[in-house]
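Novice: Have a look at this one.
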Amino acid sequence: MTDTPAPKPGKTLVPAEDLRAFSARLLEKGGLAAADARTTADVFVWAALRGVDSHGIARVPAYLDLLAKGVANARYQIRVESTTPAAAVLDADRAPGPVALSAAAREAVNRARTSGIAAVGVRRTVHTGAIGYYVSQIADQGLVGIGFVAGMPNMGYTGAKGAAVATSPLAIAVPTDPSSGHAPLLLDMATATIALGRIRQAKASGTPLPEGAAATEDGTPTTDPAAAVLPLPLGGAKGSGMSLAFELLTSVLVGAPIFSSFHSDDPQGRKHRQNALLIAVDPAAFGDADAFGAAVGATLGTLKGLPAADGAEGVFYPGERSAAVAAQRAADGIPVAPKVWRELNEKAEQLGVTPPWSGAGG
């Protein structure tokens with residue numbers, strides 16, 4: 001038990017283990033089985049450690065609401081369907097995303113160990129959280145992890161009015177030889193120019209948005225945070241095209257279309273749900289796995305050795321800086337914003353959970 005000071009006007013540092021244990025207790029009280037609560041809390045803390053606060057501890061109250069409303073199914077029956085060793089579909093039965101995708105990552109790794117490469121589609125889950133977590137779990141096993149997610153349309157599409165496609169993310173994790181001193185490469189990106197959370201932050205502060213980042217409800221680009229409703233796709237037609245492709249590679253591939261249903265007259269079309277595809281690639285199937293890891297390290301080292309551009313802090317590869325943030329936050333604690341702090345304490349009071357920073361209980 002760590003005694004953390006009372007809330008302050010600024011962010012409050014809380015040890016990662018305290019947040020993990022506290023989040024798991026809240027989620028268990030909210031209806032999840034103990035193991036599922038721990039899995040979901042792990043995903044949130046992983047994101048918070050790496051500085052991805054939009055997908056970190058701030059998600060706990062939202063997940064509790066999803067469980068309370070029955071949008072997320074705490075008593076799911078996951079089924080794995082497969083007709084070939086290298087591919088499977090995991091029907092999540094509306095299980096929380098962290099539970100479903102963690103299971104899919106394990107399934108993909110196990111199958112790739114035999115087949116060299118394996119793909120596992122996830123059907124009918126609820127908010128996947130930080131997709132980088134799941135591909136990182138694959139990379140931790142020495143395999144390359146690739147992931148796509150499709151969700152509810154909330155982003156503009158080049159040439160269309162209003163919300164057309166989702167801010168669907170892509171993540172790739174590539175393991176490296178630990179002796180290289182380099183953290184694994186982790187590319188984790190959405191197909192939007194700006195996150196919805198950033199729009200909300202700009203709205204609250206009155207800060208103008210970047211050109212081409214957001215649009216009004218009818219799709220008209222705007223820099224006015226008060227008028228902004230939709231994020232715009234990254235690179236225009238490139239980002240919107242990627243989002244549509246991810247819908248085909250996930251939702252349509254597993255027989256659970258979201259896009260066409262959302263834009264139809266089906267009253268169930270706008271019911272929250274997400275689909276995903278995780279791919280695991282075993283470097284040993286392509287040659288010497290140790291040589292691959294060493295070559296990845298050498299490649300990253302070569303990049304790091306390139307001359308930095310004028311004004312640049314240095315040359316960084318995807319995932320490098322977030323790994324450094326994770327190391328720092330693991331040592332110093334995770335900063336929790338005042339609003340999130342307040343919401344966590346309110347949920348704790350409602351559910352009868354004693355926060356680890358209260359100085360009471362164990």
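In the structure tokens, each chain is lettered A, B, ... as it comes, each chain's residues begin at 1, and ligands are numbered from 1 in order of appearance.
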Which residues, written as a count of residues only, have at least one atom at most 7 Å from Val149 of chain A, with only C-alpha atoms counted and residues fewer than 5 positions away on the same chain left out?
Specialist: 8
Novice: Would you mind writing down, as JSON, numbers by chain, each residue of segment 103-197 of chain A that DSSP on the backbone assigns to strand (DSSP E or B)?
Specialist: {"A": [117, 118, 119, 120, 121, 122, 123, 124, 125, 126, 144, 145, 146, 147, 148, 149, 150, 155, 165, 169, 170, 171, 172, 173, 174, 185, 186, 187, 188, 189, 190, 192]}
Novice: If you count only C-alpha atoms, which residues fall within 7 Å of segment 112-123 of chain A, apart from same-chain ones fewer than 6 positions away, as an NGL selection string?
Specialist: :A and (85-92 or 104 or 250 or 254 or 256 or 275-282 or 285)
Novice: Nearest to Gly333 of chain A: which of A:Ala130, A:Ala33, A:Leu19, A:Leu66 is it, counting only C-alpha atoms?
Specialist: A:Leu19
Novice: Please return, as an MDAnalysis selection string, all residues of segment 99-182 of chain A that DSSP assigns to alpha helix (DSSP H) on the basis of the backbone.
Specialist: chainID A and resid 99:115 131:139
Novice: Which distance in Å separates atom CA of Thr302 of chain A and atom CA of Pro184 of chain A, to one decimal?
Specialist: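 For atom CA of Thr302 of chain A relative to atom CA of Pro184 of chain A, the distance reads 14.6 Å.
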Novice: Do you know which residues are at most 10 Å from Asn345 of chain A counting only C-alpha atoms, after dropping those on the same chain fewer than 5 positions away, and could you put them as an NGL selection string?
Specialist: :A and (61 or 340 or 350-351 or 353-355 or 358)
Novice: For the residues in the current selection, export C-alpha atoms as a PDB file, in the first residue's frame.
Specialist:
ATOM      1  CA  PRO A  61     -14.994   4.841 -15.576  1.00  0.00           C
ATOM      2  CA  VAL A 340      -9.761  11.388 -13.984  1.00  0.00           C
ATOM      3  CA  GLN A 350     -20.163   4.123  -5.511  1.00  0.00           C
ATOM      4  CA  LEU A 351     -18.759   0.584  -5.644  1.00  0.00           C
ATOM      5  CA  VAL A 353     -13.790   0.136  -3.112  1.00  0.00           C
ATOM      6  CA  THR A 354     -11.075   1.665  -0.937  1.00  0.00           C
ATOM      7  CA  PRO A 355      -8.517   3.566  -3.057  1.00  0.00           C
ATOM      8  CA  SER A 358      -6.587   6.661   1.046  1.00  0.00           C
TER       9      SER A 358
END
Novice: Name the closest residue to Ala324 of chain A among the candidates A:Leu13, A:Leu232, A:Ala105, A:Ala183; distances are taken between atoms, counting only C-alpha atoms.
Specialist: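 Smallest separation from Ala324 of chain A among the options: A:Ala183.
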